[in-house]
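Novice: What follows is work.pdb; its format and atoms are PDB, C-alpha atoms, pLDDT in the B column.
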```
ATOM      1  CA  MET A 160      -6.908 -10.120  15.214  1.00 95.00           C
ATOM      2  CA  ILE A 161      -4.263 -11.339  17.667  1.00 97.00           C
ATOM      3  CA  ILE A 162      -0.710 -10.668  16.459  1.00 97.00           C
ATOM      4  CA  VAL A 163       2.545 -12.087  17.831  1.00 98.00           C
ATOM      5  CA  ALA A 164       6.008 -10.999  16.675  1.00 97.00           C
ATOM      6  CA  PHE A 165       9.098 -13.201  16.484  1.00 97.00           C
ATOM      7  CA  GLY A 166      12.692 -12.002  16.455  1.00 94.00           C
ATOM      8  CA  ALA A 167      16.140 -13.553  16.884  1.00 93.00           C
ATOM      9  CA  ASN A 168      19.692 -12.609  15.976  1.00 90.00           C
ATOM     10  CA  GLU A 169      21.789 -15.390  17.442  1.00 89.00           C
ATOM     11  CA  ASP A 170      21.765 -19.159  17.425  1.00 86.00           C
ATOM     12  CA  GLY A 171      19.894 -20.863  20.212  1.00 81.00           C
ATOM     13  CA  ALA A 172      18.892 -24.288  21.464  1.00 82.00           C
ATOM     14  CA  TYR A 173      17.263 -25.105  18.113  1.00 83.00           C
ATOM     15  CA  GLY A 174      20.009 -23.688  15.904  1.00 87.00           C
ATOM     16  CA  ALA A 175      19.873 -20.677  13.617  1.00 90.00           C
ATOM     17  CA  PRO A 176      17.030 -18.140  13.946  1.00 93.00           C
ATOM     18  CA  ILE A 177      15.068 -19.605  11.013  1.00 93.00           C
ATOM     19  CA  GLU A 178      14.996 -23.056  12.611  1.00 93.00           C
ATOM     20  CA  THR A 179      14.163 -21.496  15.979  1.00 94.00           C
ATOM     21  CA  TYR A 180      11.226 -19.761  14.301  1.00 95.00           C
ATOM     22  CA  ASN A 181       9.943 -23.021  12.822  1.00 94.00           C
ATOM     23  CA  GLN A 182      10.226 -24.835  16.152  1.00 95.00           C
ATOM     24  CA  ALA A 183       8.599 -21.926  18.023  1.00 95.00           C
ATOM     25  CA  LEU A 184       5.554 -22.069  15.731  1.00 96.00           C
ATOM     26  CA  LYS A 185       5.185 -25.766  16.541  1.00 96.00           C
ATOM     27  CA  ALA A 186       5.553 -25.133  20.279  1.00 96.00           C
ATOM     28  CA  LEU A 187       2.943 -22.365  20.243  1.00 96.00           C
ATOM     29  CA  ASP A 188       0.513 -24.554  18.329  1.00 95.00           C
ATOM     30  CA  GLU A 189       0.988 -27.287  20.936  1.00 95.00           C
ATOM     31  CA  CYS A 190       0.075 -24.690  23.612  1.00 95.00           C
ATOM     32  CA  GLY A 191      -3.248 -23.896  21.940  1.00 94.00           C
ATOM     33  CA  LEU A 192      -2.195 -20.868  19.903  1.00 96.00           C
ATOM     34  CA  SER A 193      -3.289 -21.820  16.403  1.00 95.00           C
ATOM     35  CA  ILE A 194      -1.378 -20.013  13.633  1.00 95.00           C
ATOM     36  CA  ALA A 195      -3.909 -18.490  11.218  1.00 96.00           C
ATOM     37  CA  LYS A 196      -1.553 -16.382   9.050  1.00 96.00           C
ATOM     38  CA  LYS A 197       2.160 -15.735   9.005  1.00 96.00           C
ATOM     39  CA  SER A 198       4.337 -13.208   7.267  1.00 96.00           C
ATOM     40  CA  SER A 199       7.487 -13.871   5.351  1.00 95.00           C
ATOM     41  CA  LEU A 200      10.681 -13.911   7.333  1.00 96.00           C
ATOM     42  CA  TRP A 201      12.553 -10.622   7.232  1.00 96.00           C
ATOM     43  CA  GLN A 202      16.193  -9.747   7.828  1.00 94.00           C
ATOM     44  CA  THR A 203      16.243  -6.455   9.712  1.00 90.00           C
ATOM     45  CA  SER A 204      18.812  -4.143  11.177  1.00 84.00           C
ATOM     46  CA  PRO A 205      19.050  -3.953  14.981  1.00 83.00           C
ATOM     47  CA  VAL A 206      17.155  -1.033  16.543  1.00 80.00           C
ATOM     48  CA  ASP A 207      18.146   0.985  19.624  1.00 75.00           C
ATOM     49  CA  VAL A 208      21.271  -1.038  20.396  1.00 66.00           C
ATOM     50  CA  THR A 209      24.695  -0.090  21.636  1.00 62.00           C
ATOM     51  CA  GLY A 210      27.614  -1.877  20.093  1.00 64.00           C
ATOM     52  CA  ALA A 211      27.653  -4.223  17.144  1.00 69.00           C
ATOM     53  CA  GLN A 212      24.952  -6.854  16.751  1.00 80.00           C
ATOM     54  CA  ASN A 213      23.988  -9.274  14.018  1.00 86.00           C
ATOM     55  CA  ASP A 214      20.947  -8.510  11.905  1.00 88.00           C
ATOM     56  CA  TYR A 215      17.687 -10.008  13.137  1.00 91.00           C
ATOM     57  CA  THR A 216      15.359 -12.543  11.601  1.00 95.00           C
ATOM     58  CA  ASN A 217      11.810 -11.289  12.185  1.00 96.00           C
ATOM     59  CA  ALA A 218       8.249 -12.289  11.373  1.00 97.00           C
ATOM     60  CA  VAL A 219       4.745 -11.759  12.664  1.00 97.00           C
ATOM     61  CA  PHE A 220       1.861 -14.153  12.770  1.00 96.00           C
ATOM     62  CA  GLU A 221      -1.815 -14.025  13.553  1.00 97.00           C
ATOM     63  CA  ILE A 222      -3.051 -16.525  16.083  1.00 97.00           C
ATOM     64  CA  GLU A 223      -6.485 -17.845  16.866  1.00 96.00           C
ATOM     65  CA  THR A 224      -7.296 -18.730  20.450  1.00 96.00           C
ATOM     66  CA  ASP A 225      -9.875 -18.204  23.160  1.00 95.00           C
ATOM     67  CA  GLN A 226      -7.132 -17.476  25.670  1.00 96.00           C
ATOM     68  CA  SER A 227      -6.853 -14.066  27.307  1.00 97.00           C
ATOM     69  CA  PRO A 228      -3.990 -11.652  26.594  1.00 97.00           C
ATOM     70  CA  HIS A 229      -2.463 -12.539  29.977  1.00 97.00           C
ATOM     71  CA  GLU A 230      -2.620 -16.268  29.203  1.00 97.00           C
ATOM     72  CA  ILE A 231      -1.026 -15.674  25.792  1.00 97.00           C
ATOM     73  CA  LEU A 232       1.754 -13.601  27.334  1.00 97.00           C
ATOM     74  CA  GLU A 233       2.443 -16.360  29.852  1.00 97.00           C
ATOM     75  CA  ILE A 234       2.681 -18.916  27.033  1.00 97.00           C
ATOM     76  CA  LEU A 235       5.051 -16.679  25.055  1.00 97.00           C
ATOM     77  CA  LEU A 236       7.318 -16.222  28.075  1.00 95.00           C
ATOM     78  CA  ASP A 237       7.253 -19.963  28.796  1.00 95.00           C
ATOM     79  CA  VAL A 238       8.229 -20.786  25.198  1.00 95.00           C
ATOM     80  CA  GLU A 239      11.038 -18.222  25.318  1.00 93.00           C
ATOM     81  CA  ALA A 240      12.338 -19.825  28.530  1.00 92.00           C
ATOM     82  CA  GLU A 241      12.032 -23.324  27.046  1.00 92.00           C
ATOM     83  CA  PHE A 242      14.061 -22.132  24.056  1.00 89.00           C
ATOM     84  CA  GLY A 243      16.804 -20.738  26.304  1.00 84.00           C
ATOM     85  CA  ARG A 244      15.997 -17.011  26.288  1.00 81.00           C
ATOM     86  CA  LYS A 245      18.188 -15.149  28.756  1.00 76.00           C
ATOM     87  CA  ARG A 246      17.174 -11.621  29.715  1.00 72.00           C
ATOM     88  CA  THR A 247      20.359  -9.723  30.458  1.00 70.00           C
ATOM     89  CA  MET A 248      19.707  -6.137  29.356  1.00 66.00           C
ATOM     90  CA  ARG A 249      17.239  -4.283  27.185  1.00 69.00           C
ATOM     91  CA  ASN A 250      17.759  -4.819  23.441  1.00 66.00           C
ATOM     92  CA  ALA A 251      20.489  -7.404  24.004  1.00 68.00           C
ATOM     93  CA  PRO A 252      21.137 -10.010  21.303  1.00 74.00           C
ATOM     94  CA  ARG A 253      18.736 -12.922  21.662  1.00 83.00           C
ATOM     95  CA  SER A 254      18.053 -16.403  20.440  1.00 87.00           C
ATOM     96  CA  ILE A 255      14.285 -15.839  20.598  1.00 94.00           C
ATOM     97  CA  ASP A 256      11.902 -12.998  21.309  1.00 93.00           C
ATOM     98  CA  LEU A 257       8.137 -13.416  21.206  1.00 96.00           C
ATOM     99  CA  ASP A 258       5.972 -10.332  21.744  1.00 96.00           C
ATOM    100  CA  LEU A 259       2.217  -9.975  21.921  1.00 98.00           C
ATOM    101  CA  ILE A 260       1.711  -7.041  19.545  1.00 97.00           C
ATOM    102  CA  CYS A 261      -2.049  -6.649  19.645  1.00 97.00           C
ATOM    103  CA  TYR A 262      -5.118  -8.459  20.892  1.00 97.00           C
ATOM    104  CA  HIS A 263      -7.908  -7.358  18.585  1.00 95.00           C
ATOM    105  CA  ASP A 264      -8.348  -3.627  19.240  1.00 92.00           C
ATOM    106  CA  ARG A 265      -8.026  -3.986  22.996  1.00 95.00           C
ATOM    107  CA  ILE A 266      -6.120  -1.263  24.820  1.00 96.00           C
ATOM    108  CA  VAL A 267      -4.405  -2.417  28.016  1.00 94.00           C
ATOM    109  CA  LYS A 268      -1.966  -0.514  30.261  1.00 95.00           C
ATOM    110  CA  GLU A 269      -0.871  -2.674  33.152  1.00 94.00           C
ATOM    111  CA  LEU A 270       2.430  -3.294  34.902  1.00 90.00           C
ATOM    112  CA  ASN A 271       3.284  -6.441  32.915  1.00 91.00           C
ATOM    113  CA  LEU A 272       1.124  -5.983  29.820  1.00 95.00           C
ATOM    114  CA  THR A 273       0.627  -3.069  27.437  1.00 96.00           C
ATOM    115  CA  LEU A 274      -1.506  -3.435  24.318  1.00 97.00           C
ATOM    116  CA  PRO A 275      -0.947  -2.605  21.631  1.00 97.00           C
ATOM    117  CA  HIS A 276       2.765  -3.204  22.184  1.00 95.00           C
ATOM    118  CA  PRO A 277       4.134   0.190  23.299  1.00 93.00           C
ATOM    119  CA  ARG A 278       6.894   0.468  20.671  1.00 92.00           C
ATOM    120  CA  MET A 279       5.459  -1.518  17.771  1.00 94.00           C
ATOM    121  CA  HIS A 280       4.550   1.614  15.820  1.00 93.00           C
ATOM    122  CA  GLU A 281       8.255   2.613  15.808  1.00 92.00           C
ATOM    123  CA  ARG A 282       9.595  -0.760  14.703  1.00 93.00           C
ATOM    124  CA  GLY A 283       9.992  -1.635  11.045  1.00 94.00           C
ATOM    125  CA  PHE A 284      10.748  -5.211  12.052  1.00 94.00           C
ATOM    126  CA  VAL A 285       7.125  -5.438  13.223  1.00 96.00           C
ATOM    127  CA  LEU A 286       5.447  -3.135  10.709  1.00 97.00           C
ATOM    128  CA  TRP A 287       6.831  -4.553   7.440  1.00 96.00           C
ATOM    129  CA  PRO A 288       5.820  -8.150   8.234  1.00 97.00           C
ATOM    130  CA  LEU A 289       2.499  -6.970   9.696  1.00 97.00           C
ATOM    131  CA  GLN A 290       1.666  -5.166   6.465  1.00 96.00           C
ATOM    132  CA  GLU A 291       1.985  -8.488   4.622  1.00 95.00           C
ATOM    133  CA  ILE A 292      -0.740 -10.190   6.646  1.00 96.00           C
ATOM    134  CA  ALA A 293      -2.907  -7.221   7.659  1.00 96.00           C
ATOM    135  CA  SER A 294      -2.581  -4.429   5.089  1.00 96.00           C
ATOM    136  CA  ASN A 295      -5.709  -2.687   6.419  1.00 96.00           C
ATOM    137  CA  TRP A 296      -4.604  -2.721  10.066  1.00 96.00           C
ATOM    138  CA  GLN A 297      -4.882   0.534  12.004  1.00 95.00           C
ATOM    139  CA  HIS A 298      -3.243   1.355  15.307  1.00 96.00           C
ATOM    140  CA  PRO A 299      -6.036   1.377  17.911  1.00 94.00           C
ATOM    141  CA  LEU A 300      -4.573   4.337  19.838  1.00 93.00           C
ATOM    142  CA  THR A 301      -3.427   6.646  17.037  1.00 93.00           C
ATOM    143  CA  GLY A 302      -5.796   5.533  14.291  1.00 95.00           C
ATOM    144  CA  LYS A 303      -2.863   5.589  11.861  1.00 97.00           C
ATOM    145  CA  SER A 304      -2.786   3.042   9.065  1.00 97.00           C
ATOM    146  CA  ILE A 305       0.044   0.568   8.746  1.00 96.00           C
ATOM    147  CA  GLN A 306       1.186   2.427   5.620  1.00 97.00           C
ATOM    148  CA  ASP A 307       1.383   5.753   7.519  1.00 97.00           C
ATOM    149  CA  LEU A 308       3.327   4.110  10.345  1.00 97.00           C
ATOM    150  CA  ILE A 309       5.810   2.616   7.881  1.00 96.00           C
ATOM    151  CA  ALA A 310       6.206   5.982   6.116  1.00 96.00           C
ATOM    152  CA  GLY A 311       7.185   7.511   9.460  1.00 95.00           C
ATOM    153  CA  LEU A 312      10.007   5.067  10.200  1.00 93.00           C
ATOM    154  CA  PRO A 313      13.543   6.453  10.476  1.00 91.00           C
ATOM    155  CA  ASP A 314      15.845   5.849   7.513  1.00 89.00           C
ATOM    156  CA  ASP A 315      18.272   3.765   9.575  1.00 87.00           C
ATOM    157  CA  GLN A 316      15.753   0.939   9.934  1.00 88.00           C
ATOM    158  CA  THR A 317      16.292  -1.447   7.060  1.00 86.00           C
ATOM    159  CA  ALA A 318      14.659  -4.723   6.118  1.00 87.00           C
ATOM    160  CA  GLU A 319      14.817  -7.308   3.395  1.00 91.00           C
ATOM    161  CA  ARG A 320      12.425 -10.168   2.856  1.00 92.00           C
ATOM    162  CA  ILE A 321      14.150 -13.529   3.231  1.00 89.00           C
ATOM    163  CA  LYS A 322      13.307 -16.184   0.679  1.00 71.00           C
ATOM    164  CA  ASP A 323      10.754 -18.482   2.270  1.00 56.00           C
ATOM    165  CA  LYS A 324      12.736 -21.027   4.241  1.00 48.00           C
ATOM    166  CA  ALA A 325      10.138 -21.293   6.992  1.00 49.00           C
ATOM    167  CA  ALA A 326       7.761 -24.165   7.633  1.00 47.00           C
TER
END
```
Can you give me the file's structure in the form of structure tokens?

Specialist:
Amino acid sequence: MIIVAFGANEDGAYGAPIETYNQALKALDECGLSIAKKSSLWQTSPVDVTGAQNDYTNAVFEIETDQSPHEILEILLDVEAEFGRKRTMRNAPRSIDLDLICYHDRIVKELNLTLPHPRMHERGFVLWPLQEIASNWQHPLTGKSIQDLIAGLPDDQTAERIKDKAA
């Protein structure tokens, strides 16, 4: 299972985060990343930020491809750039964020790529949507189930499923 996460909390080149999400799915498909499953969209509170930020729109989706993790990461970064992503500081507001969360059960620790994503197990905005499409998923490093990871989230992380407005 190859999982990618989407997040946005400000308008971008394609409009509001929900429209950005829909357009990003189309762009990824055109790059050879076929969407096999997708979660609902979720409205989530910002995590690890200083100052006020808007809530995020988040989702995860499973992709099917023969491309390597490095090739997928390059595509994700290219789509972010095409959609106007500006990297100013860590956890800054953003119009689009695409993260490679896991590539099957592969464990990778390299300068520009860590799999599974190094903070995904601490992020409700990844775990709640992931549970929708992969309720039996287990973290390849810790062996913890998705349910155990969710149970360990801090109380200040909140999420609400958005009525399906996605493509």

Novice: What would the selection look like, as a PyMOL selection string, if the PyMOL selection byres ((chain A and resi 257-272) around 6) were run on the coordinates I just shared?

Specialist: chain A and resi 160-165+235+256+273-276+299

Novice: Just the residues within 10 Å of stretch 214-216 of chain A, please, counting all atoms listed in the file, with nothing from its chain fewer than 4 positions along; format it as a PyMOL selection string.

Specialist: chain A and resi 165-169+175-177+180+200-206+252-255+284+317-321

Novice: Determine the residue set returned by the PyMOL selection byres ((chain A and resi 223-232) around 7) for the present structure, and present it as a PyMOL selection string.

Specialist: chain A and resi 161+191-195+221-222+233-236+259+262

Novice: Have a look at A:Pro277, A:Lys322, A:Asp170, A:Gln297 and name the one nearest to A:Asn213; count all atoms listed in the file.

Specialist: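 Under the stated criterion, the closest residue is A:Asp170.
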
Novice: Could you please give me, as a list in words, the residues of protein, DNA or RNA lying at most 6 Å from (8.2, -19.1, 19.8) in the coordinate frame of the file, considering all atoms listed in the file?

Specialist: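 Collected hits near the coordinates: Ala183, Leu184, Val238 and Leu257 of chain A.
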
Novice: Go ahead and write the residues just picked, C-alpha atoms, as a PDB file, in the frame of the given file.

Specialist:
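Final file, result.pdb:
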```pdb
ATOM      1  CA  ALA A 183       8.599 -21.926  18.023  1.00 95.00           C
ATOM      2  CA  LEU A 184       5.554 -22.069  15.731  1.00 96.00           C
ATOM      3  CA  VAL A 238       8.229 -20.786  25.198  1.00 95.00           C
ATOM      4  CA  LEU A 257       8.137 -13.416  21.206  1.00 96.00           C
TER       5      LEU A 257
END
```

Novice: Identify which of the residues A:Asn181, A:Asn217, A:Thr247, A:Gln290 lies closest to A:Asp307, counting only C-alpha atoms when measuring atom-to-atom distances.

Specialist: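 Using only C-alpha atoms, A:Asp307 sits closest to A:Gln290.
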
Novice: Select, from A:Arg278, A:Cys190, A:Gly283, A:Ser199, the residue with the minimum atom-to-atom distance to A:Ile309, counting all atoms listed in the file.

Specialist: A:Gly283

Novice: Taking only C-alpha atoms into account, which of A:Ala240, A:Ile305, A:Ala186, A:Ile292 comes nearest A:Val219?

Specialist: A:Ile292

Novice: Quick one: distance from atom CA of A:Tyr173 to atom CA of A:Leu286 in Å, one decimal?

Specialist: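 Rounded to one decimal, the two atoms are 26.0 Å apart.
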
Novice: Using only C-alpha atoms, which residue out of A:Gly243, A:Trp296, A:Glu281, A:Pro288 lies closest to A:Ala310?

Specialist: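 Of all the options, A:Glu281 lies closest to A:Ala310.
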
Novice: If you measure from atom CA of A:Thr301 to atom CA of A:Lys196, what distance in Å do you get, rounded to one decimal?

Specialist: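 So the answer is 24.4 Å.
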
Novice: Quick one: pull the distance between atom CA of A:Phe220 and atom CA of A:Ser198, Å, one decimal.

Specialist: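 Computing it gives 6.1 Å between the two atoms.
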
Novice: Here is a test: counting only C-alpha atoms, which residue of A:Leu187, A:Met279, A:Ala172, A:Leu308 is nearest to A:Lys245?

Specialist: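 Among the listed residues, A:Ala172 lies closest to A:Lys245.
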